[in-house]
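Here the structure comes first, spelled out in structure tokens, and everything after it is commentary.
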Amino acid sequence: MINYRRFFIKTLLKLGLISLLPGKIFALNDIEDCDITTDDIEGPYYAGNYTNSYNITPFNIDDPAQNFLIISGTVYAEDCKTPIPNAVVEIWHANQGVYDIDTNQYLDSEYEDDFYRGQINTDSAGNYSFLTVLPGKYPNGSYYRPSHIHYKTSYLDTELTTQVYFEGDTSIPIDPWASNPNATNRIISLFTDANNVLNGVFDINLNIKPENINNTYLKEQDKIIKSIWPNPINQNTTIILNKYEKNTQIKIYDINGQIITRKTILGTEIKLMNIIKKPLTKGFYILQISTPNGLKEVKRFIV
Ligand SMILES: [Fe+2]
């Protein structure tokens, strides 16, 4: 059994991104399809004051019996491209019927109180990530709600409470919240990585103007990548850079940090298909572009 955390850190080291721990390393501005993230019911199990942690399970990552899930994403302003550093992301979810216990019991339980709920501040690029397990289902009257994670994301006076569901969950059509058209963008796909850990990405676009964000990270004029579109990729996926600089390098890694391709690029438009030798298997990939003057930018894309 591979030590996943060590493996993950090794990947980050390889990419020169160790400073992003425990934030997520992938970010993508899907600005062609920009919608403010919709809300969903809070439910009775929100408690607040969660422990600030990446691993919100009681388990060691080496535990082969667990169905681990790494859920990560970026918090953006209403333009879907300005990252929000230092936003607070709180999540909580059920595990094997934990929500069946009434709220008071749940909150009084020392054991359960510490797990399957957590909060994290987004890093300088607006990224967050949590290590948890795939949430269990719990009964709601005569049926089971689909597996879901509750989110509360806040920055200054703006707060969004919502829920994330998982593609292919057969309980979604019978759940009034998950089957609401507003939830469509919150049903995410999951991929299993080489270490048998599920990975999911949920980006959050808050209803807040970019100019109201105290963002000292990448200013617009310093950004290298303008867009990657369409994503998930197809034959036409094109990467567009803000400007061309001689000797700019593009590298693509898989989720485990294995390099797929490395090229020197010759213009501001790069057709993804032209720089990848063989078809990519389904999953997440990391694109890194670095300029000769040391600027580096990393994005995620999905196949
Ligand atoms: Fe719930």
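Each chain in the structure tokens gets a letter, A, B, ..., in the order shown, and its residues are numbered from 1; ligands are numbered from 1 in order too.
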Determine which residues of stretch 51-275 of chain A DSSP labels as strand (DSSP E or B) from the backbone of this structure, then write them out as a PyMOL selection string. chain A and resi 52+55+68-76+83+88-92+117-121+127-133+139-140+143-144+148-155+158-166+187-188+191-192+198-201+204-205+225-229+238-241+249-254+259-264+269-271
Could you list, as a PyMOL selection string, every residue within 8 Å of A:Val88, counting only C-alpha atoms and ignoring same-chain residues fewer than 2 positions away? chain A and resi 86+90+119-122+153-155
Could you write out the selected residues, including N, CA and C atoms, as a short mmCIF file (atom, residue, chain, number, x, y, z; two decimals), in the first residue's frame?
```
data_model
loop_
_atom_site.label_atom_id
_atom_site.label_comp_id
_atom_site.auth_asym_id
_atom_site.auth_seq_id
_atom_site.Cartn_x
_atom_site.Cartn_y
_atom_site.Cartn_z
N ASN A 86 -8.00 33.35 1.52
CA ASN A 86 -8.46 33.53 2.91
C ASN A 86 -9.97 33.50 3.07
N GLU A 90 -16.19 25.71 5.07
CA GLU A 90 -16.57 24.71 6.08
C GLU A 90 -17.34 23.61 5.37
N GLN A 119 -12.97 22.86 8.67
CA GLN A 119 -12.91 24.12 7.93
C GLN A 119 -11.47 24.41 7.54
N ILE A 120 -11.35 25.18 6.49
CA ILE A 120 -10.01 25.51 6.02
C ILE A 120 -10.09 26.89 5.38
N ASN A 121 -9.02 27.65 5.50
CA ASN A 121 -8.95 28.94 4.81
C ASN A 121 -8.31 28.72 3.45
N THR A 122 -8.86 29.35 2.44
CA THR A 122 -8.27 29.18 1.11
C THR A 122 -6.87 29.81 1.08
N THR A 153 -19.46 28.59 2.77
CA THR A 153 -18.26 29.32 2.35
C THR A 153 -18.49 30.80 2.64
N SER A 154 -17.54 31.43 3.30
CA SER A 154 -17.74 32.83 3.64
C SER A 154 -16.49 33.66 3.41
N TYR A 155 -16.76 34.91 3.04
CA TYR A 155 -15.70 35.89 2.86
C TYR A 155 -16.31 37.26 3.12
#
```
Return as a ChimeraX atom specification every polymer residue, whether protein, DNA or RNA, with at least one atom no more than 12 Å from an atom of ligand 1; count only C-alpha atoms and all ligand atoms. /A:40-46,91-100,103,116-117,135-140,144-151,161-165,175,177-178
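Taking only C-alpha atoms into account, A:Ile286 lies nearest to A:Ile228 out of the set A:Ile240, A:Leu131, A:Ile265, A:Ile228.
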For the helix (DSSP H, G or I) assignment from backbone DSSP, which residues of stretch 29-169 of chain A qualify? Please present them as a list in words. Ile31, Glu32, Asp33, Val98, Tyr99, Asp100, Thr103, Asn104, Gln105, Tyr106, Leu107, Asp108, Glu110, Tyr111, Glu112 and Asp113 of chain A
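Our summary of the geometry notes that atom CA of A:Gln258 is positioned 18.2 Å from atom CA of A:Lys296.
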Which residues are near A:Gly118? Cut-off 9 Å, only C-alpha atoms, ignore same chain within fewer than 6 positions. Put them as a ChimeraX atom specification. /A:48-56,89-92,130
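Between A:Ile70 and the residues A:Lys223, A:Asn242, A:Ser129, A:Ser290, the shortest atom-to-atom distance, using only C-alpha atoms, involves A:Ser129.
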Could you jot down the atom CA of A:Pro292 to atom CA of A:Ile260 separation for me, Å, one decimal place? 21.0 Å
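You can rank A:Ile275, A:Ile289, A:Val75, A:Ile174 by their closest distance to A:Tyr128 using only C-alpha atoms, and at the top of that list sits A:Val75.
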Could you pull the residues within 8 Å of A:Ile239, counting only C-alpha atoms, minus those fewer than 4 positions along the same chain, as a VMD selection string? chain A and resid 225 to 229 268 to 272
Go ahead and save the picked residues with N, CA and C atoms, as a compact mmCIF listing (two decimals), in the first residue's frame.
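Ended up saving to result.txt:
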```
# COMPACT_ATOMS: atom_id res chain seq x y z
N ILE A 225 -1.79 32.47 -18.06
CA ILE A 225 -2.83 31.76 -18.81
C ILE A 225 -4.12 32.57 -18.81
N LYS A 226 -4.63 32.80 -19.99
CA LYS A 226 -5.90 33.53 -20.09
C LYS A 226 -7.08 32.56 -19.96
N SER A 227 -7.00 31.44 -20.69
CA SER A 227 -8.11 30.47 -20.61
C SER A 227 -7.71 29.11 -21.15
N ILE A 228 -8.44 28.11 -20.70
CA ILE A 228 -8.37 26.77 -21.29
C ILE A 228 -9.81 26.41 -21.60
N TRP A 229 -10.11 26.21 -22.85
CA TRP A 229 -11.51 26.01 -23.23
C TRP A 229 -11.61 25.20 -24.50
N THR A 268 0.74 32.40 -28.50
CA THR A 268 -0.21 32.56 -27.40
C THR A 268 -1.36 31.55 -27.46
N GLU A 269 -1.44 30.81 -28.57
CA GLU A 269 -2.52 29.82 -28.67
C GLU A 269 -1.92 28.43 -28.82
N ILE A 270 -2.32 27.52 -27.95
CA ILE A 270 -1.78 26.17 -28.00
C ILE A 270 -2.94 25.19 -28.07
N LYS A 271 -2.98 24.43 -29.13
CA LYS A 271 -3.99 23.36 -29.22
C LYS A 271 -3.50 22.19 -28.38
N LEU A 272 -4.30 21.82 -27.39
CA LEU A 272 -3.86 20.76 -26.46
C LEU A 272 -3.52 19.47 -27.21
```
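Minimum atom-to-atom distances from A:Leu69, A:Lys81, A:Leu241, A:Phe284 to A:Gly257 were compared using only C-alpha atoms, and the lowest value belongs to A:Phe284.
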Just want the 9 Å neighbourhood of stretch 65-67 of chain A, counted on only C-alpha atoms, with same-chain residues fewer than 5 positions away dropped. Output as number ranges by chain. A: 59, 132-134, 196-198
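Checking A:Tyr285, A:Val303, A:Val298, A:Ile204 one by one against A:Asn234, counting only C-alpha atoms, you find the shortest gap at A:Val303.
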I'd like the neighbourhood of A:Ile36 as JSON, numbers by chain, where a residue qualifies if any of its atoms comes within 8 Å (using only C-alpha atoms), though same-chain residues fewer than 4 positions away should be ignored. {"A": [78, 80, 204, 205, 206, 207]}
Quick one: everything within 10 Å of A:Ile208, counting only C-alpha atoms, minus sequence neighbours fewer than 6 positions away in the same chain. Send it as a PyMOL selection string. chain A and resi 36+76-79+84+155-159
Please save C-alpha atoms of the selected residues as a compact mmCIF listing (two decimals), in the first residue's frame.
```
# COMPACT_ATOMS: atom_id res chain seq x y z
CA ILE A 36 -22.68 32.17 -9.20
CA TYR A 76 -13.78 32.71 -6.94
CA ALA A 77 -15.54 36.05 -7.07
CA GLU A 78 -18.66 36.59 -9.20
CA ASP A 79 -16.55 36.80 -12.38
CA ILE A 84 -10.50 34.65 -3.16
CA TYR A 155 -15.70 35.89 2.86
CA LEU A 156 -16.28 39.28 4.51
CA ASP A 157 -20.09 39.72 4.59
CA THR A 158 -20.81 37.16 1.90
CA GLU A 159 -21.83 33.65 2.86
```
